[in-house]
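coords13.cif, holding mmCIF, C-alpha atoms and all ligand atoms:
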data_upload
loop_
_atom_site.group_PDB
_atom_site.id
_atom_site.type_symbol
_atom_site.label_atom_id
_atom_site.label_comp_id
_atom_site.auth_asym_id
_atom_site.auth_seq_id
_atom_site.Cartn_x
_atom_site.Cartn_y
_atom_site.Cartn_z
ATOM 1 C CA MET A 158 28.254 78.735 -114.142
ATOM 2 C CA LYS A 159 29.647 81.848 -115.738
ATOM 3 C CA ILE A 160 28.150 85.139 -114.595
ATOM 4 C CA PHE A 161 27.873 87.931 -117.134
ATOM 5 C CA ILE A 162 26.622 91.402 -116.260
ATOM 6 C CA ASP A 163 23.570 92.603 -118.180
ATOM 7 C CA THR A 164 24.168 96.329 -118.582
ATOM 8 C CA ALA A 165 25.878 98.939 -120.763
ATOM 9 C CA ASN A 166 26.571 101.227 -117.815
ATOM 10 C CA ILE A 167 30.314 101.786 -117.350
ATOM 11 C CA GLU A 168 30.131 102.451 -113.596
ATOM 12 C CA GLU A 169 28.153 99.262 -112.986
ATOM 13 C CA ILE A 170 30.532 97.252 -115.158
ATOM 14 C CA LYS A 171 33.614 98.666 -113.388
ATOM 15 C CA GLU A 172 32.153 98.074 -109.932
ATOM 16 C CA ALA A 173 30.947 94.518 -110.630
ATOM 17 C CA THR A 174 34.230 93.628 -112.365
ATOM 18 C CA SER A 175 36.147 94.751 -109.270
ATOM 19 C CA TRP A 176 34.290 92.026 -107.325
ATOM 20 C CA GLY A 177 36.091 89.383 -109.401
ATOM 21 C CA ILE A 178 33.047 87.313 -110.375
ATOM 22 C CA VAL A 179 32.035 88.787 -113.734
ATOM 23 C CA GLN A 180 33.246 87.011 -116.874
ATOM 24 C CA GLY A 181 31.365 88.799 -119.631
ATOM 25 C CA VAL A 182 28.867 91.526 -120.535
ATOM 26 C CA THR A 183 25.590 91.521 -122.426
ATOM 27 C CA THR A 184 24.076 94.664 -123.878
ATOM 28 C CA ASN A 185 21.048 95.367 -126.035
ATOM 29 C CA PRO A 186 19.742 98.462 -127.871
ATOM 30 C CA THR A 187 17.606 99.486 -124.861
ATOM 31 C CA LEU A 188 20.532 99.279 -122.428
ATOM 32 C CA VAL A 189 22.826 101.140 -124.874
ATOM 33 C CA SER A 190 20.218 103.878 -125.486
ATOM 34 C CA ARG A 191 20.156 104.683 -121.737
ATOM 35 C CA GLU A 192 23.842 105.661 -121.807
ATOM 36 C CA ARG A 193 23.463 108.563 -124.276
ATOM 37 C CA ARG A 194 26.950 108.029 -125.732
ATOM 38 C CA PRO A 195 28.333 107.222 -129.195
ATOM 39 C CA PHE A 196 27.770 103.487 -129.700
ATOM 40 C CA LYS A 197 31.260 102.489 -130.855
ATOM 41 C CA GLU A 198 33.002 104.503 -128.139
ATOM 42 C CA LEU A 199 30.804 102.898 -125.465
ATOM 43 C CA VAL A 200 31.398 99.359 -126.751
ATOM 44 C CA GLU A 201 35.160 99.913 -126.954
ATOM 45 C CA GLU A 202 35.225 101.168 -123.377
ATOM 46 C CA ILE A 203 33.289 98.110 -122.164
ATOM 47 C CA CYS A 204 35.767 95.870 -124.028
ATOM 48 C CA SER A 205 38.660 97.648 -122.291
ATOM 49 C CA ILE A 206 37.189 96.853 -118.845
ATOM 50 C CA VAL A 207 36.095 93.218 -119.150
ATOM 51 C CA ASP A 208 38.328 90.583 -120.708
ATOM 52 C CA GLY A 209 35.549 88.225 -121.800
ATOM 53 C CA PRO A 210 32.649 87.913 -124.227
ATOM 54 C CA ILE A 211 30.876 91.235 -124.820
ATOM 55 C CA SER A 212 27.504 90.814 -126.550
ATOM 56 C CA VAL A 213 26.552 93.685 -128.851
ATOM 57 C CA GLU A 214 23.304 93.635 -130.822
ATOM 58 C CA VAL A 215 22.788 94.389 -134.505
ATOM 59 C CA THR A 216 19.756 96.515 -135.381
ATOM 60 C CA ALA A 217 19.424 95.594 -139.070
ATOM 61 C CA THR A 218 16.480 93.308 -139.825
ATOM 62 C CA GLU A 219 17.453 91.610 -143.089
ATOM 63 C CA VAL A 220 20.162 89.017 -143.473
ATOM 64 C CA GLU A 221 22.562 90.907 -145.781
ATOM 65 C CA GLU A 222 22.354 94.047 -143.658
ATOM 66 C CA MET A 223 22.672 92.058 -140.430
ATOM 67 C CA VAL A 224 25.826 90.364 -141.689
ATOM 68 C CA LYS A 225 27.321 93.651 -142.926
ATOM 69 C CA GLU A 226 26.525 95.487 -139.690
ATOM 70 C CA GLY A 227 27.683 92.470 -137.667
ATOM 71 C CA GLU A 228 31.023 92.244 -139.444
ATOM 72 C CA GLU A 229 31.608 95.954 -138.821
ATOM 73 C CA ILE A 230 30.776 95.679 -135.090
ATOM 74 C CA ALA A 231 32.846 92.490 -134.724
ATOM 75 C CA SER A 232 35.859 94.330 -136.194
ATOM 76 C CA TRP A 233 35.900 96.719 -133.189
ATOM 77 C CA HIS A 234 37.284 94.145 -130.731
ATOM 78 C CA PRO A 235 38.071 90.398 -130.753
ATOM 79 C CA ASN A 236 35.880 89.765 -127.669
ATOM 80 C CA ILE A 237 32.704 91.015 -129.317
ATOM 81 C CA VAL A 238 29.867 88.507 -129.684
ATOM 82 C CA LEU A 239 27.151 89.575 -132.113
ATOM 83 C CA LYS A 240 23.674 89.521 -130.722
ATOM 84 C CA ILE A 241 21.243 88.542 -133.447
ATOM 85 C CA PRO A 242 17.464 88.439 -132.933
ATOM 86 C CA MET A 243 15.639 85.108 -133.331
ATOM 87 C CA GLY A 244 13.776 84.719 -136.640
ATOM 88 C CA VAL A 245 14.364 83.482 -140.184
ATOM 89 C CA GLU A 246 16.588 86.430 -141.144
ATOM 90 C CA GLY A 247 18.465 86.227 -137.859
ATOM 91 C CA ILE A 248 19.104 82.508 -138.105
ATOM 92 C CA LYS A 249 20.348 82.893 -141.710
ATOM 93 C CA ALA A 250 22.722 85.622 -140.490
ATOM 94 C CA VAL A 251 23.935 83.413 -137.611
ATOM 95 C CA LYS A 252 24.639 80.553 -140.028
ATOM 96 C CA LYS A 253 26.693 82.861 -142.272
ATOM 97 C CA LEU A 254 28.542 84.608 -139.436
ATOM 98 C CA SER A 255 29.320 81.408 -137.545
ATOM 99 C CA SER A 256 30.704 79.844 -140.745
ATOM 100 C CA GLU A 257 33.088 82.851 -140.873
ATOM 101 C CA GLY A 258 34.151 82.164 -137.270
ATOM 102 C CA VAL A 259 32.268 85.159 -135.833
ATOM 103 C CA LYS A 260 30.767 84.493 -132.402
ATOM 104 C CA THR A 261 27.003 84.971 -132.132
ATOM 105 C CA ASN A 262 24.350 85.196 -129.420
ATOM 106 C CA VAL A 263 20.800 84.541 -130.598
ATOM 107 C CA THR A 264 18.616 86.862 -128.589
ATOM 108 C CA LEU A 265 14.873 86.975 -127.846
ATOM 109 C CA VAL A 266 14.632 83.204 -127.430
ATOM 110 C CA PHE A 267 11.373 82.223 -125.713
ATOM 111 C CA SER A 268 10.863 78.523 -126.578
ATOM 112 C CA PRO A 269 12.888 75.287 -126.673
ATOM 113 C CA ASN A 270 12.307 75.051 -130.441
ATOM 114 C CA GLN A 271 13.848 78.505 -130.929
ATOM 115 C CA ALA A 272 16.795 77.371 -128.796
ATOM 116 C CA LEU A 273 17.103 74.283 -131.017
ATOM 117 C CA LEU A 274 17.178 76.421 -134.170
ATOM 118 C CA ALA A 275 19.874 78.687 -132.705
ATOM 119 C CA ALA A 276 22.042 75.637 -132.008
ATOM 120 C CA GLU A 277 21.403 74.116 -135.448
ATOM 121 C CA ALA A 278 22.637 77.377 -137.010
ATOM 122 C CA GLY A 279 25.864 77.176 -135.013
ATOM 123 C CA ALA A 280 25.264 80.021 -132.565
ATOM 124 C CA THR A 281 27.803 80.428 -129.782
ATOM 125 C CA TYR A 282 25.059 81.405 -127.321
ATOM 126 C CA ALA A 283 21.265 81.389 -127.136
ATOM 127 C CA SER A 284 19.725 83.889 -124.707
ATOM 128 C CA ILE A 285 16.497 82.709 -123.093
ATOM 129 C CA PHE A 286 14.556 85.630 -121.617
ATOM 130 C CA VAL A 287 13.150 84.059 -118.470
ATOM 131 C CA GLY A 288 11.825 87.243 -116.829
ATOM 132 C CA ARG A 289 9.781 88.286 -119.848
ATOM 133 C CA LEU A 290 8.235 84.780 -119.975
ATOM 134 C CA ASP A 291 7.376 84.949 -116.266
ATOM 135 C CA ASP A 292 5.834 88.388 -116.906
ATOM 136 C CA ILE A 293 3.218 86.807 -119.209
ATOM 137 C CA GLY A 294 2.496 83.892 -116.898
ATOM 138 C CA GLN A 295 4.795 81.298 -118.494
ATOM 139 C CA ASP A 296 7.585 79.556 -116.602
ATOM 140 C CA GLY A 297 10.810 80.949 -118.070
ATOM 141 C CA MET A 298 13.021 78.496 -116.222
ATOM 142 C CA GLU A 299 11.042 75.569 -117.653
ATOM 143 C CA VAL A 300 12.082 76.745 -121.132
ATOM 144 C CA VAL A 301 15.708 76.785 -119.926
ATOM 145 C CA GLU A 302 15.384 73.269 -118.483
ATOM 146 C CA LYS A 303 13.921 71.831 -121.703
ATOM 147 C CA SER A 304 16.467 73.624 -123.890
ATOM 148 C CA LEU A 305 19.367 72.375 -121.750
ATOM 149 C CA GLN A 306 18.036 68.820 -122.147
ATOM 150 C CA ILE A 307 17.822 69.210 -125.940
ATOM 151 C CA TYR A 308 21.386 70.512 -126.103
ATOM 152 C CA ARG A 309 22.589 67.581 -123.974
ATOM 153 C CA ASN A 310 20.710 65.062 -126.159
ATOM 154 C CA TYR A 311 22.678 66.135 -129.229
ATOM 155 C CA SER A 312 25.879 67.454 -127.638
ATOM 156 C CA PHE A 313 25.342 70.907 -129.144
ATOM 157 C CA THR A 314 28.187 73.278 -128.344
ATOM 158 C CA THR A 315 25.887 76.339 -128.116
ATOM 159 C CA ASP A 316 25.754 77.712 -124.572
ATOM 160 C CA ILE A 317 22.448 78.812 -123.098
ATOM 161 C CA ILE A 318 22.502 82.228 -121.453
ATOM 162 C CA VAL A 319 19.776 82.683 -118.857
ATOM 163 C CA ALA A 320 18.760 86.275 -119.606
ATOM 164 C CA SER A 321 16.095 88.768 -118.533
ATOM 165 C CA VAL A 322 16.976 87.824 -114.971
ATOM 166 C CA ARG A 323 14.785 89.643 -112.443
ATOM 167 C CA HIS A 324 15.858 88.273 -109.045
ATOM 168 C CA PRO A 325 18.424 86.010 -107.319
ATOM 169 C CA LEU A 326 16.069 83.011 -107.519
ATOM 170 C CA HIS A 327 16.446 83.012 -111.310
ATOM 171 C CA VAL A 328 20.223 82.762 -110.864
ATOM 172 C CA LEU A 329 19.878 80.001 -108.272
ATOM 173 C CA ARG A 330 17.579 77.951 -110.496
ATOM 174 C CA ALA A 331 19.904 78.483 -113.471
ATOM 175 C CA ALA A 332 22.858 77.174 -111.457
ATOM 176 C CA GLU A 333 20.864 74.199 -110.137
ATOM 177 C CA MET A 334 19.934 73.269 -113.719
ATOM 178 C CA GLY A 335 23.542 73.513 -114.868
ATOM 179 C CA ALA A 336 23.007 76.457 -117.237
ATOM 180 C CA PRO A 337 26.420 77.483 -118.595
ATOM 181 C CA VAL A 338 25.800 81.244 -118.249
ATOM 182 C CA ALA A 339 23.446 83.662 -116.475
ATOM 183 C CA THR A 340 23.542 87.327 -117.414
ATOM 184 C CA VAL A 341 22.591 89.308 -114.366
ATOM 185 C CA PRO A 342 21.611 92.974 -113.866
ATOM 186 C CA PHE A 343 23.763 94.930 -111.381
ATOM 187 C CA LYS A 344 21.032 95.157 -108.706
ATOM 188 C CA VAL A 345 20.444 91.395 -108.773
ATOM 189 C CA LEU A 346 24.201 90.752 -108.516
ATOM 190 C CA GLU A 347 24.340 93.017 -105.460
ATOM 191 C CA ALA A 348 21.363 91.224 -103.915
ATOM 192 C CA MET A 349 23.094 87.842 -104.327
ATOM 193 C CA PHE A 350 25.744 88.880 -101.778
ATOM 194 C CA LYS A 351 23.204 89.664 -99.086
ATOM 195 C CA HIS A 352 21.724 87.607 -96.278
ATOM 196 C CA PRO A 353 20.470 89.060 -92.984
ATOM 197 C CA LEU A 354 22.212 86.309 -90.997
ATOM 198 C CA THR A 355 25.538 87.255 -92.617
ATOM 199 C CA ASP A 356 25.099 90.859 -91.406
ATOM 200 C CA ILE A 357 24.004 89.779 -87.913
ATOM 201 C CA GLY A 358 26.828 87.216 -87.710
ATOM 202 C CA LEU A 359 29.506 89.706 -88.758
ATOM 203 C CA GLU A 360 28.222 92.332 -86.356
ATOM 204 C CA ARG A 361 28.421 89.798 -83.498
ATOM 205 C CA PHE A 362 31.943 88.614 -84.439
ATOM 206 C CA LEU A 363 33.220 92.197 -84.558
ATOM 207 C CA SER A 364 31.591 93.228 -81.295
ATOM 208 C CA ASP A 365 32.979 90.111 -79.540
ATOM 209 C CA TRP A 366 36.407 90.973 -80.925
ATOM 210 C CA GLU A 367 36.094 94.502 -79.554
ATOM 211 C CA LYS A 368 35.320 93.006 -76.124
ATOM 212 C CA LEU A 369 38.481 90.882 -76.345
ATOM 213 C CA LYS A 370 40.517 93.929 -77.404
ATOM 214 C CA ALA A 371 39.187 95.790 -74.372
ATOM 215 C CA LEU A 372 40.765 93.045 -72.233
ATOM 216 C CA LYS A 373 44.087 93.868 -73.990
ATOM 217 C CA ILE A 374 44.834 90.198 -74.817
ATOM 218 C CA ALA A 375 43.908 90.211 -78.521
ATOM 219 C CA PRO A 376 46.855 90.205 -80.958
ATOM 220 C CA GLU A 377 47.811 93.725 -82.111
ATOM 221 C CA LYS A 378 46.982 94.475 -85.802
HETATM 222 C C1 LIG B 401 20.156 90.021 -122.279
HETATM 223 O O1 LIG B 401 20.772 89.487 -123.136
HETATM 224 C C2 LIG B 401 18.890 90.723 -122.523
HETATM 225 O O2 LIG B 401 19.105 91.782 -123.373
HETATM 226 C C3 LIG B 401 18.302 91.196 -121.234
HETATM 227 O O3 LIG B 401 18.533 90.222 -120.234
HETATM 228 C C4 LIG B 401 16.850 91.572 -121.338
HETATM 229 O O4 LIG B 401 16.362 91.817 -120.049
HETATM 230 P P1 LIG B 401 14.967 92.548 -119.773
HETATM 231 O O5 LIG B 401 13.874 91.582 -120.094
HETATM 232 O O6 LIG B 401 15.022 92.881 -118.325
HETATM 233 O O7 LIG B 401 14.928 93.749 -120.663
#
Could you express the structure from this file as C-alpha cells?
Amino acid sequence: MKIFIDTANIEEIKEATSWGIVQGVTTNPTLVSRERRPFKELVEEICSIVDGPISVEVTATEVEEMVKEGEEIASWHPNIVLKIPMGVEGIKAVKKLSSEGVKTNVTLVFSPNQALLAAEAGATYASIFVGRLDDIGQDGMEVVEKSLQIYRNYSFTTDIIVASVRHPLHVLRAAEMGAPVATVPFKVLEAMFKHPLTDIGLERFLSDWEKLKALKIAPEK
C-alpha cells in the first residue's frame, strides 16, 4: 500500500519524507488555508520536496471553470493530481480532464456508488473519507471494502485513496483490505511507529549492552 501524507505543512512534509515511507501528498483548501502562504508558491514547494503524486484541489464549482482552473494548476508541475469534488459538475470535469491525460482525484466520496461514478469517469484516484463517515455513525471502512470489490469486479484502474484517516487502525484496516493508497496525517504517521514493547525492548537491549561494555569485552565502536 502506498502511503501519502495528508497535509500542506512544509515542515511535516519534509520530516515525513525524510523517513523514506511517503510516496505522495494530498492537500485540500482547508489544509492550504492553514499555511497562510500564496497558493502557487506553496504547491511548488511541496512538489520540490516529494517526487510523487501531489493532490491539489480546484475551488470552482461549475464544469467549465473547474476545467480551466484545473488546467492552470496542472501546468505548475507534472506531478500534480487535480482534486475534484464529487457531484455532476465534478464528474463532468473529471471526464474532460482525464480524456486530456490530466490526473484526477475525486474527493468527498462517501458511498460505493460515488466511487463507481468516479471510476466510470476515468478518475486516477477516488478519495473515500472514512473518518468523516465514522463521525456520523457510519462505517467508513465498509464503504472502502465495497468500493474495492466493485473496482475488482470490473478491473477499473482508478485507485482508492483511504482519506480522512483519524488513527492507525484506519491504516491497518486499509492495508488488510488491499487498498492501494492511504493518505495519513502527520500525527497518525508518527503514531504508527510506536509500540510500548518496542521502547521497553530497546531500553533493555541498550542497558544490557552497557553492562557488557563495563566488562570491557564488547567490540569497540
Ligand atoms: C484527503 O484527501 C482529505 O482532504 C482529508 O483526508 C480530509 O480529512 P479530514 O476529514 O480530517 O478533514
>> Counting only C-alpha atoms and all ligand atoms, what are the residues, protein, DNA or RNA alike, that approach ligand LIG 401 (chain B) to within 10 Å? I want them as a ChimeraX atom specification.
In response: /A:161-164,182-188,212-214,240,262-266,283-290,292,318-323,339-342
> By how many Å are atom CA of Ala336 of chain A and atom CA of Pro269 of chain A apart?
Replying inline: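 Atom CA of Ala336 of chain A sits 13.9 Å away from atom CA of Pro269 of chain A.
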>> Taking the file as I've supplied it (selection: the PyMOL selection byres (((chain A and resi 346-349) around 9) and not hetatm)), which residues are included? Please answer as a list in words.
In response: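 Evaluating the PyMOL selection byres (((chain A and resi 346-349) around 9) and not hetatm) on these coordinates yields Ile162, Ala173, His324, Pro325, Val328, Val341, Pro342, Phe343, Lys344, Val345, Phe350, Lys351 and His352 of chain A.
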Deliver the residues from the most recent selection as a file, using C-alpha atoms, as a short mmCIF file (atom, residue, chain, number, x, y, z; two decimals), in the coordinates of the input.
data_model
loop_
_atom_site.label_atom_id
_atom_site.label_comp_id
_atom_site.auth_asym_id
_atom_site.auth_seq_id
_atom_site.Cartn_x
_atom_site.Cartn_y
_atom_site.Cartn_z
CA ILE A 162 26.62 91.40 -116.26
CA ALA A 173 30.95 94.52 -110.63
CA HIS A 324 15.86 88.27 -109.04
CA PRO A 325 18.42 86.01 -107.32
CA VAL A 328 20.22 82.76 -110.86
CA VAL A 341 22.59 89.31 -114.37
CA PRO A 342 21.61 92.97 -113.87
CA PHE A 343 23.76 94.93 -111.38
CA LYS A 344 21.03 95.16 -108.71
CA VAL A 345 20.44 91.40 -108.77
CA PHE A 350 25.74 88.88 -101.78
CA LYS A 351 23.20 89.66 -99.09
CA HIS A 352 21.72 87.61 -96.28
#
> Please, what distance in Å, to one decimal, runs between atom CA of Glu257 of chain A and atom CA of Cys204 of chain A?
Replying inline: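 Calculated distance between atom CA of Glu257 of chain A and atom CA of Cys204 of chain A is 21.5 Å.
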Met158 of chain A: which residues within 7 Å, counting only C-alpha atoms, same-chain residues fewer than 2 positions away excluded, as a short mmCIF file (atom, residue, chain, number, x, y, z; two decimals) with C-alpha atoms, keeping the file's coordinate frame?
data_model
loop_
_atom_site.label_atom_id
_atom_site.label_comp_id
_atom_site.auth_asym_id
_atom_site.auth_seq_id
_atom_site.Cartn_x
_atom_site.Cartn_y
_atom_site.Cartn_z
CA ILE A 160 28.15 85.14 -114.60
CA ALA A 332 22.86 77.17 -111.46
CA ALA A 336 23.01 76.46 -117.24
CA PRO A 337 26.42 77.48 -118.60
CA VAL A 338 25.80 81.24 -118.25
#
>> Translate the PyMOL selection byres (((chain A and resi 246) around 9) and not hetatm) into a concrete residue list for this structure, as a list in words.
In response: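 So the PyMOL selection byres (((chain A and resi 246) around 9) and not hetatm) ends up selecting Thr218, Glu219, Val220, Glu221, Met223, Pro242, Met243, Gly244, Val245, Gly247, Ile248, Lys249, Ala250 and Val251 of chain A.
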Give me a file of those residues, with C-alpha atoms, as a PDB file, in the frame of the given file.
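Here's the written file result21.pdb:
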ATOM      1  CA  THR A 218      16.480  93.308-139.825  1.00  0.00           C
ATOM      2  CA  GLU A 219      17.453  91.610-143.089  1.00  0.00           C
ATOM      3  CA  VAL A 220      20.162  89.017-143.473  1.00  0.00           C
ATOM      4  CA  GLU A 221      22.562  90.907-145.781  1.00  0.00           C
ATOM      5  CA  MET A 223      22.672  92.058-140.430  1.00  0.00           C
ATOM      6  CA  PRO A 242      17.464  88.439-132.933  1.00  0.00           C
ATOM      7  CA  MET A 243      15.639  85.108-133.331  1.00  0.00           C
ATOM      8  CA  GLY A 244      13.776  84.719-136.640  1.00  0.00           C
ATOM      9  CA  VAL A 245      14.364  83.482-140.184  1.00  0.00           C
ATOM     10  CA  GLY A 247      18.465  86.227-137.859  1.00  0.00           C
ATOM     11  CA  ILE A 248      19.104  82.508-138.105  1.00  0.00           C
ATOM     12  CA  LYS A 249      20.348  82.893-141.710  1.00  0.00           C
ATOM     13  CA  ALA A 250      22.722  85.622-140.490  1.00  0.00           C
ATOM     14  CA  VAL A 251      23.935  83.413-137.611  1.00  0.00           C
TER      15      VAL A 251
END
